[in-house]
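*Asks:* Got a structure for you, questions after.
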Amino acid sequence: MNMNQLKKSAAVQAAKFVEDGMMLGLGTGSTVYYLVEAVAKRVQEEKLHIVAVSTSSRTAKQASELGIKVIDLNDAPTLDLTIDGADEIDENFQGIKGGGAAHLLEKIVATNSKRNIWIVDQSKLVKKLGSFPLPLEVIPFGCEKLFQRLTAENLHPEYRLDENGQRLRTHNKNFVIDLHMSAIEHPHILADWLDHQTGIVEHGLFLDIVNQVVVGKENGVEIINAPR
Ligand code: 5RP
């Protein structure tokens, strides 16, 4: 099976956790694309009443086109469940997200949700976080100073570029700096430090957030409960 088939199998399985009447958070990315398809199919076939909040315009567009009602987070009651992808998940269920530069909105939605499920293919499960570069969403004003500080801390920052070689702009017109650290020994300590650097709007460390991980594997789908 190729990676996309594994992503799809995890997404289809996770769509089964959606229940009638739920207020649902929808993540962003190629795995979530399959999720939205699968949820929309259930909404249509089983006549489910689902209202969703989206973490990107991409997902919102797909969901609306497929008949899922999408509303603004500000107009939504507490979300029952958010399903999203992830870039890395370690043995303690800590994660890196933001490969699609949507981690700010994803974290806002995740932290306003009663339950969070991540859907991934098996390659995303790692012993230690950090092989995947850690994304930071940063305010353009004064970002060179921040970049210098990150360099001085040996965090190996690099601006993320778009397809035209320009600095990528997020939904909120900020830049993304990726930290190429190869291994993150102490995710909580790093997260705390990053939380205190003015100019960083949000980082891609998603710690103590996920409740369940649905993994597409060669030999089937595994559902793993995080101990929280
Ligand atoms: C976007 C994300 C995605 O969830 C993450 O990058 C996984 O993407 P994919 O499902 O395409 O592998 O965090 O900001």
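How things are named: the first chain in the structure tokens is A, the next is B, and so on; residues count from 1 in each chain; ligands count from 1 in the order shown.
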Please list as a list in words every residue within 8 Å of Asn116 of chain A, counting only C-alpha atoms and excluding residues in the same chain fewer than 5 positions away.
*Replies:*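 The contact residues come out as Leu81, Thr82, Ile83, Asp84, Ala110, Ile209, Val210, Asn211 and Gln212 of chain A.
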*Asks:* Let me see the file: selected residues, N, CA, C and O atoms, as a short mmCIF file (atom, residue, chain, number, x, y, z; two decimals), in the first residue's frame.
*Replies:*
data_model
loop_
_atom_site.label_atom_id
_atom_site.label_comp_id
_atom_site.auth_asym_id
_atom_site.auth_seq_id
_atom_site.Cartn_x
_atom_site.Cartn_y
_atom_site.Cartn_z
N LEU A 81 -15.53 17.22 19.07
CA LEU A 81 -14.42 16.39 18.57
C LEU A 81 -13.71 17.14 17.45
O LEU A 81 -14.37 17.73 16.59
N THR A 82 -12.39 17.11 17.47
CA THR A 82 -11.61 17.62 16.34
C THR A 82 -10.75 16.49 15.80
O THR A 82 -10.10 15.76 16.56
N ILE A 83 -10.76 16.35 14.49
CA ILE A 83 -9.93 15.32 13.84
C ILE A 83 -8.97 16.04 12.91
O ILE A 83 -9.38 16.85 12.07
N ASP A 84 -7.69 15.73 13.06
CA ASP A 84 -6.65 16.44 12.30
C ASP A 84 -5.52 15.48 11.97
O ASP A 84 -5.42 14.39 12.57
N ALA A 110 -8.03 22.95 18.23
CA ALA A 110 -7.78 21.77 19.09
C ALA A 110 -7.99 22.09 20.56
O ALA A 110 -8.58 21.30 21.31
N ILE A 209 -2.25 17.15 24.02
CA ILE A 209 -3.49 17.57 23.35
C ILE A 209 -4.29 16.38 22.83
O ILE A 209 -5.51 16.32 22.97
N VAL A 210 -3.60 15.41 22.24
CA VAL A 210 -4.34 14.36 21.53
C VAL A 210 -4.89 13.30 22.50
O VAL A 210 -4.25 12.97 23.49
N ASN A 211 -6.11 12.83 22.21
CA ASN A 211 -6.72 11.76 23.02
C ASN A 211 -6.61 10.39 22.35
O ASN A 211 -6.55 9.37 23.03
N GLN A 212 -6.63 10.41 21.03
CA GLN A 212 -6.62 9.15 20.30
C GLN A 212 -5.86 9.33 18.98
O GLN A 212 -6.00 10.39 18.35
#
*Asks:* Give one line per residue of chain A that approaches ligand 1 to at most 10 Å, naming the two atoms of the closest pair and their distance in Å to one decimal, counting only C-alpha atoms and all ligand atoms; sort by chain then ascending residue number and deliver it as a Markdown table.
*Replies:*
| residue | atom | partner | partner_atom_place_in_ligand_line | distance |
| --- | --- | --- | --- | --- |
| A:Met3 | CA | ligand 1 | 12 (O) | 9.2 |
| A:Asn4 | CA | ligand 1 | 12 (O) | 9.0 |
| A:Lys7 | CA | ligand 1 | 10 (O) | 7.2 |
| A:Lys8 | CA | ligand 1 | 10 (O) | 9.6 |
| A:Ala11 | CA | ligand 1 | 10 (O) | 9.6 |
| A:Leu26 | CA | ligand 1 | 4 (O) | 9.9 |
| A:Gly27 | CA | ligand 1 | 4 (O) | 6.2 |
| A:Thr28 | CA | ligand 1 | 1 (C) | 5.1 |
| A:Gly29 | CA | ligand 1 | 11 (O) | 3.8 |
| A:Ser30 | CA | ligand 1 | 11 (O) | 3.6 |
| A:Thr31 | CA | ligand 1 | 10 (O) | 3.7 |
| A:Val32 | CA | ligand 1 | 10 (O) | 5.9 |
| A:Tyr33 | CA | ligand 1 | 10 (O) | 7.8 |
| A:Tyr34 | CA | ligand 1 | 10 (O) | 9.1 |
| A:Leu35 | CA | ligand 1 | 10 (O) | 9.9 |
| A:Thr55 | CA | ligand 1 | 14 (O) | 8.7 |
| A:Ser56 | CA | ligand 1 | 14 (O) | 8.9 |
| A:Ile83 | CA | ligand 1 | 4 (O) | 9.3 |
| A:Asp84 | CA | ligand 1 | 4 (O) | 5.5 |
| A:Gly85 | CA | ligand 1 | 4 (O) | 3.5 |
| A:Ala86 | CA | ligand 1 | 7 (C) | 4.2 |
| A:Asp87 | CA | ligand 1 | 5 (C) | 4.8 |
| A:Glu88 | CA | ligand 1 | 7 (C) | 8.4 |
| A:Gly95 | CA | ligand 1 | 13 (O) | 9.5 |
| A:Ile96 | CA | ligand 1 | 13 (O) | 7.3 |
| A:Lys97 | CA | ligand 1 | 13 (O) | 3.7 |
| A:Gly98 | CA | ligand 1 | 14 (O) | 3.3 |
| A:Gly99 | CA | ligand 1 | 6 (O) | 3.5 |
| A:Gly100 | CA | ligand 1 | 14 (O) | 3.5 |
| A:Ala101 | CA | ligand 1 | 14 (O) | 4.4 |
| A:Ala102 | CA | ligand 1 | 14 (O) | 3.7 |
| A:His103 | CA | ligand 1 | 14 (O) | 4.7 |
| A:Leu104 | CA | ligand 1 | 14 (O) | 8.1 |
| A:Leu105 | CA | ligand 1 | 14 (O) | 8.6 |
| A:Glu106 | CA | ligand 1 | 14 (O) | 7.1 |
| A:Lys107 | CA | ligand 1 | 13 (O) | 9.3 |
| A:Trp118 | CA | ligand 1 | 4 (O) | 8.2 |
| A:Ile119 | CA | ligand 1 | 10 (O) | 7.6 |
| A:Val120 | CA | ligand 1 | 10 (O) | 6.6 |
| A:Asp121 | CA | ligand 1 | 12 (O) | 8.0 |
| A:Ser123 | CA | ligand 1 | 12 (O) | 9.8 |
| A:Lys124 | CA | ligand 1 | 12 (O) | 8.3 |
| A:Phe132 | CA | ligand 1 | 6 (O) | 9.9 |
| A:Pro135 | CA | ligand 1 | 14 (O) | 8.9 |
| A:Gly204 | CA | ligand 1 | 13 (O) | 7.7 |
| A:Phe206 | CA | ligand 1 | 13 (O) | 9.7 |
*Asks:* Could you state the separation of atom CA of His186 of chain A and atom CA of Lys114 of chain A in Å, given to one decimal place?
*Replies:*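 Straight-line distance from atom CA of His186 of chain A to atom CA of Lys114 of chain A works out to 26.2 Å.
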*Asks:* Just want the 10 Å neighbourhood of Leu24 of chain A, counted on only C-alpha atoms, with same-chain residues fewer than 4 positions away dropped. Output as a ChimeraX atom specification.
*Replies:* /A:18-19,50-54,70,76,78-83,109,113,115
*Asks:* As a VMD selection string, please: all residues of segment 13-219 of chain A that backbone DSSP puts in helix (DSSP H, G or I).
*Replies:* chain A and resid 13 to 15 30 to 46 57 to 65 73 to 75 103 to 110 122 to 124 143 to 152 187 to 195
*Asks:* What's the 12 Å shell around segment 147-162 of chain A, counting only C-alpha atoms, without same-chain residues fewer than 2 positions away, as a ChimeraX atom specification?
*Replies:* /A:98-101,130,133-145,164-170,174-184,190,193-194,197-200
*Asks:* Rank A:Leu146, A:Leu205, A:Leu66, A:Val215 by their smallest atom-to-atom distance to Val43 of chain A, using only C-alpha atoms, and report the top residue only.
*Replies:*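 Closest candidate: A:Leu66.
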*Asks:* Restricting the calculation to only C-alpha atoms, which member of A:Asn112, A:Ser131, A:Asn92, A:Ser57 is positioned closest to His188 of chain A?
*Replies:*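 Under the stated criterion, the closest residue is A:Asn92.
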*Asks:* Give me, as a PyMOL selection string, the residues of segment 50-220 of chain A that a backbone DSSP run labels strand (DSSP E).
*Replies:* chain A and resi 51-54+69-70+81-84+88-89+95-96+116-121+134-138+157-159+175-179+200-203+205-206+212-217+220
*Asks:* Could you check the closest approach to Glu202 of chain A for each of A:Arg228, A:Asn172, A:Val214, A:Val221 and tell me which residue wins, using only C-alpha atoms?
*Replies:*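 The answer is A:Asn172, which sits nearest to Glu202 of chain A.
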*Asks:* Given only C-alpha atoms as the basis, pick out the residue of A:Arg42, A:Pro77, A:Phe93, A:Glu37 nearest to Ile224 of chain A.
*Replies:*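 When distances to Ile224 of chain A are compared using only C-alpha atoms, the smallest one comes from A:Phe93.
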*Asks:* Which residue is closest to Thr111 of chain A? Choose from A:Glu46, A:Leu73, A:Asp195, A:Ala38 and count only C-alpha atoms.
*Replies:*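 Of all the options, A:Leu73 lies closest to Thr111 of chain A.
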